[in-house]
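Q: Quick one: the structure is below, questions incoming.
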Amino acid sequence: MQGLKTQLHNLVKLQTVDTEIYMLKREKDAVPDQINAIDAAFEQRKQRLSEFDKAALELQKQKKDAELDLGSKEASAKKLQGQLYQLKTNKEYQTMLQQIQGTKADASVVEDKILNLMDQIDAAKVALEKEKQVLQQEEKVFIEQKNKLQARVKEIDDRLCVLEASRTQIMPGIEPRLLPQYQRILENRDGLAIVSIRNSCCGGCNMNMPPQVINLIRMYERIITCEVCNRILYLEDDQIS
Ligand SMILES: [Zn+2]
């Protein structure tokens with residue numbers, strides 16, 4: 001097996017691959033929620049359409065009720081009209097005539113109400129049609145968004161295959177006992193296990209590193225980790241000799 005310096009170099013290579021794997025997996029993991037959100041938004045839109053539908057039906061129902069009301073008022077006016085000539089006294093006749101006029105006036109009010117409802121029903125139908133068209137457009141957009149996400153997942157899967165192959169190539173250049181340590185830090189530290197020291201600071205947590213830590217790294221006798229974030233440290237400018 002190569003010296004520690006070369007192995008650290010290989011770990012850095014592995015980290016580059018793993019960083020991409022980590023990012024891609026995170027992106028992929030977020031997709032089901034994104035698809036669910038799209039489905040939920042579309043369901044909500046459909047709900048809105050059904051409310052337009054309900055409003056139109058309610059108006060139809062009101063119109064039907066008013067028509068029944070009108071029918072019964074007209075029937076009773078007709079009935080009274082038929083009885084008019086059977087009456088004996090002028091007083092009875094006048095009273096009945098007033099009653100007929102009253103019923104007819106009531107019927108006329110209902111008639112106006114029906115006309116008004118017909119206008120409202122027409123307007124509701126137009127609104128419903130418009131809403132249906134808007135929803136159709138939105139469904140297209142929703143489907144497009146979902147297709148895009150699914151295509152991206154496929155793209156990610158393909159890339160992950162390539163990255164896994166790269167890992168397999170790099171792995172033999174690292175001592176087997178180092179890998180579990182690297183892997184553990186990778187999992188616990190947000191996908192970043194090995195970091196360089198920059199301006200005397202840990203590239204992972206920015207903690208200032210004393211010169212003796214840098215000297216220890218440069219000795220390449222053992223793996224040196226950051227005391228704060230536990231990540232493996234390396235020196236970027238130290239060329240492999
Ligand atoms: Zn650190």
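If you're wondering about the labels, chains in the structure tokens are A, B, ... by order shown, residues count from 1 in each chain, ligands from 1 in order shown.
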Applying 12 Å and only C-alpha atoms, which residues near segment 1-17 of chain A remain after dropping the ones on its own chain fewer than 4 positions away? List them as a ChimeraX atom specification.

A: /A:21-24,159-183,185-186,190-196,217-225,231-241

Q: Residues within 9 Å of ligand 1 should be enumerated using only C-alpha atoms and all ligand atoms and returned as number ranges by chain.

A: A: 195, 201-209, 225-233

Q: Limited to C-alpha atoms, could you put the picked residues into a file as an mmCIF file, in the first residue's frame?

A:
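The result, stored in selection21.cif:
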data_model
loop_
_atom_site.group_PDB
_atom_site.id
_atom_site.type_symbol
_atom_site.label_atom_id
_atom_site.label_comp_id
_atom_site.auth_asym_id
_atom_site.auth_seq_id
_atom_site.Cartn_x
_atom_site.Cartn_y
_atom_site.Cartn_z
ATOM 1 C CA VAL A 195 -11.050 19.114 4.182
ATOM 2 C CA CYS A 201 -8.165 27.266 9.355
ATOM 3 C CA CYS A 202 -10.127 24.017 9.048
ATOM 4 C CA GLY A 203 -11.874 24.005 5.658
ATOM 5 C CA GLY A 204 -14.871 22.346 7.270
ATOM 6 C CA CYS A 205 -15.631 24.381 10.381
ATOM 7 C CA ASN A 206 -13.259 27.360 9.975
ATOM 8 C CA MET A 207 -11.634 26.750 13.336
ATOM 9 C CA ASN A 208 -8.113 28.124 13.550
ATOM 10 C CA MET A 209 -5.485 25.347 13.523
ATOM 11 C CA THR A 225 -8.615 15.170 12.270
ATOM 12 C CA CYS A 226 -10.056 18.529 13.282
ATOM 13 C CA GLU A 227 -10.750 18.561 17.008
ATOM 14 C CA VAL A 228 -13.936 20.547 16.505
ATOM 15 C CA CYS A 229 -15.673 18.980 13.495
ATOM 16 C CA ASN A 230 -13.783 15.654 13.408
ATOM 17 C CA ARG A 231 -13.092 15.908 9.695
ATOM 18 C CA ILE A 232 -9.875 14.511 8.229
ATOM 19 C CA LEU A 233 -7.395 17.310 7.475
#

Q: For segment 137-140 of chain A, find every residue with an atom within 10 Å (counting only C-alpha atoms), except residues of its own chain fewer than 4 positions away, and show them as a PDB file with N, CA and C atoms, in the first residue's frame.

A:
ATOM      1  N   ILE A  38     -47.008  19.195  -6.261  1.00  0.00           N
ATOM      2  CA  ILE A  38     -47.645  19.501  -7.556  1.00  0.00           C
ATOM      3  C   ILE A  38     -49.037  18.857  -7.604  1.00  0.00           C
ATOM      4  N   ASP A  39     -49.107  17.588  -7.167  1.00  0.00           N
ATOM      5  CA  ASP A  39     -50.403  16.893  -7.148  1.00  0.00           C
ATOM      6  C   ASP A  39     -51.402  17.610  -6.241  1.00  0.00           C
ATOM      7  N   PHE A  42     -52.687  20.750  -7.781  1.00  0.00           N
ATOM      8  CA  PHE A  42     -53.650  20.464  -8.846  1.00  0.00           C
ATOM      9  C   PHE A  42     -55.002  20.042  -8.256  1.00  0.00           C
ATOM     10  N   ARG A  45     -56.838  23.034  -7.240  1.00  0.00           N
ATOM     11  CA  ARG A  45     -57.413  23.732  -8.390  1.00  0.00           C
ATOM     12  C   ARG A  45     -58.694  23.042  -8.852  1.00  0.00           C
ATOM     13  N   LYS A  46     -58.668  21.700  -8.820  1.00  0.00           N
ATOM     14  CA  LYS A  46     -59.865  20.956  -9.222  1.00  0.00           C
ATOM     15  C   LYS A  46     -61.007  21.242  -8.250  1.00  0.00           C
ATOM     16  N   GLU A 131     -63.140  28.730 -16.328  1.00  0.00           N
ATOM     17  CA  GLU A 131     -62.357  28.055 -15.283  1.00  0.00           C
ATOM     18  C   GLU A 131     -61.851  26.700 -15.780  1.00  0.00           C
ATOM     19  N   LYS A 132     -62.713  26.002 -16.527  1.00  0.00           N
ATOM     20  CA  LYS A 132     -62.309  24.702 -17.079  1.00  0.00           C
ATOM     21  C   LYS A 132     -61.105  24.856 -17.997  1.00  0.00           C
ATOM     22  N   GLN A 133     -61.148  25.916 -18.826  1.00  0.00           N
ATOM     23  CA  GLN A 133     -60.040  26.146 -19.758  1.00  0.00           C
ATOM     24  C   GLN A 133     -58.748  26.490 -19.027  1.00  0.00           C
ATOM     25  N   GLU A 144     -46.108  18.922 -17.172  1.00  0.00           N
ATOM     26  CA  GLU A 144     -44.768  19.275 -17.655  1.00  0.00           C
ATOM     27  C   GLU A 144     -43.763  19.292 -16.500  1.00  0.00           C
ATOM     28  N   GLN A 145     -44.179  19.924 -15.412  1.00  0.00           N
ATOM     29  CA  GLN A 145     -43.291  20.018 -14.244  1.00  0.00           C
ATOM     30  C   GLN A 145     -42.946  18.626 -13.713  1.00  0.00           C
ATOM     31  N   LYS A 146     -43.970  17.770 -13.646  1.00  0.00           N
ATOM     32  CA  LYS A 146     -43.736  16.418 -13.139  1.00  0.00           C
ATOM     33  C   LYS A 146     -42.811  15.634 -14.069  1.00  0.00           C
TER      34      LYS A 146
END

Q: Could you pull out all residues of segment 20-241 of chain A with a DSSP call of helix (DSSP H, G or I) and give them as a PyMOL selection string?

A: chain A and resi 20-86+90-173+178-188+211-219
